[in-house]
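Here the structure comes first, spelled out in structure tokens, and everything after it is commentary.
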Amino acid sequence: MLKRIAKKLKRFDRKRRIRAILIGTARRPRLSVFRSLKYISVQAIDDVSQTTLAQANLTEIKNAKHTVKGAEAVGKTMAERLTKLHIQEIVFDRSGYKYHGKVKALAEALRANGITF
């Protein structure tokens with residue numbers, strides 16, 4: 001149990017260090033990723049006005065499972081919502097998670113659909 005708590009605390013430390021650097025604006029929002037054991041979700045945040053501009057999660061997508069394919073579907077959905085808001089550039093906040101697996105698949109799906117960061 002202590003290993004699990006230590007692992008979570010390490011992720012929170014990484015998240016805090018990353019968030020000290022990243023700032024999202026209305027023209028270039030911060031895209032924050034949250035991954036749990038069942039779902040993956042992402043939201044575009046304007047830190048200046050402290051508002052969420054768009055969001056997408058796995059529960060919105062029919063027949064999607066918590067796999068790399070599901071993360072790609074979430075990334076594609078988020079890219080569509082950002083392009084509707086005329087946002088082409090973001091700041092990617094991985095929230096302390098490793099850039100590997102589902103987080104990487106989500107980021108590559110965003111890039112494949114025209115979002116740059």
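Just so we're on the same page: first chain in the structure tokens is A, next is B, and so on; residues restart at 1 for each chain, and ligands are numbered from 1 in the order they show up.
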
Residue set, chain A restricted to strand (DSSP E), as a VMD selection string: chain A and resid 30 to 35 40 to 46 51 to 57 91 to 93

What lies within 10 Å of Arg27 (chain A) using only C-alpha atoms, ignoring chain neighbours under 6 positions off, as a PDB file with N, CA and C atoms, in the first residue's frame?
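Result saved to part_30.pdb:
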```pdb
ATOM      1  N   ASP A  46      -8.566  27.813 -20.136  1.00  0.00           N
ATOM      2  CA  ASP A  46      -8.016  29.156 -20.234  1.00  0.00           C
ATOM      3  C   ASP A  46      -7.661  29.581 -18.812  1.00  0.00           C
ATOM      4  N   LEU A  85     -14.126  25.723 -32.210  1.00  0.00           N
ATOM      5  CA  LEU A  85     -13.861  26.970 -31.488  1.00  0.00           C
ATOM      6  C   LEU A  85     -12.756  27.795 -32.144  1.00  0.00           C
ATOM      7  N   HIS A  86     -12.280  27.344 -33.320  1.00  0.00           N
ATOM      8  CA  HIS A  86     -11.210  28.003 -34.077  1.00  0.00           C
ATOM      9  C   HIS A  86      -9.902  28.045 -33.287  1.00  0.00           C
ATOM     10  N   ILE A  87      -9.613  26.972 -32.562  1.00  0.00           N
ATOM     11  CA  ILE A  87      -8.366  26.839 -31.822  1.00  0.00           C
ATOM     12  C   ILE A  87      -7.521  25.799 -32.538  1.00  0.00           C
ATOM     13  N   GLN A  88      -6.331  26.203 -32.966  1.00  0.00           N
ATOM     14  CA  GLN A  88      -5.436  25.292 -33.679  1.00  0.00           C
ATOM     15  C   GLN A  88      -4.177  24.964 -32.888  1.00  0.00           C
ATOM     16  N   GLU A  89      -3.919  25.720 -31.825  1.00  0.00           N
ATOM     17  CA  GLU A  89      -2.680  25.559 -31.063  1.00  0.00           C
ATOM     18  C   GLU A  89      -3.013  25.433 -29.577  1.00  0.00           C
ATOM     19  N   ILE A  90      -2.360  24.476 -28.902  1.00  0.00           N
ATOM     20  CA  ILE A  90      -2.604  24.259 -27.485  1.00  0.00           C
ATOM     21  C   ILE A  90      -1.274  24.104 -26.737  1.00  0.00           C
TER      22      ILE A  90
END
```

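Relative to CA of Arg11 (chain A), CA of Tyr97 (chain A) is found at 6.7 Å.
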
Which residue of A:His100, A:Arg111, A:Lys3, A:Lys15 approaches Met78 (chain A) most closely, using only C-alpha atoms: A:Arg111

Distance query region 52-60 of chain A at most 7 Å, only C-alpha atoms, self and fewer than 5 positions along chain excluded, as a ChimeraX atom specification: /A:39-46,70,74,77-78,81-82

Dump as a compact mmCIF listing (two decimals), in the first residue's frame, selection limited to C-alpha atoms:
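And here's again18.txt as it stands now:
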```txt
# COMPACT_ATOMS: atom_id res chain seq x y z
CA TYR A 39 -11.59 6.39 -18.03
CA ILE A 40 -9.50 9.03 -19.74
CA SER A 41 -10.64 12.62 -20.07
CA VAL A 42 -9.20 15.86 -21.38
CA GLN A 43 -10.17 19.51 -21.08
CA ALA A 44 -9.00 22.76 -22.65
CA ILE A 45 -8.51 25.40 -19.97
CA ASP A 46 -8.02 29.16 -20.23
CA GLY A 70 -10.23 4.63 -26.81
CA VAL A 74 -11.04 10.90 -27.16
CA THR A 77 -13.30 14.14 -30.41
CA MET A 78 -11.36 16.86 -28.60
CA ARG A 81 -14.38 20.45 -30.60
CA LEU A 82 -11.28 22.66 -30.62
```

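Between CA of Arg14 (chain A) and CA of Asp93 (chain A) the separation is 11.0 Å.
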
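Compared by their closest atoms to Ile115 (chain A), and using only C-alpha atoms, the residues A:Arg35, A:Arg4, A:Arg28, A:Lys98 rank with A:Arg28 nearest.
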
Picked from chain A by DSSP as alpha helix (DSSP H), as a PyMOL selection string: chain A and resi 2-19+68-84+102-112
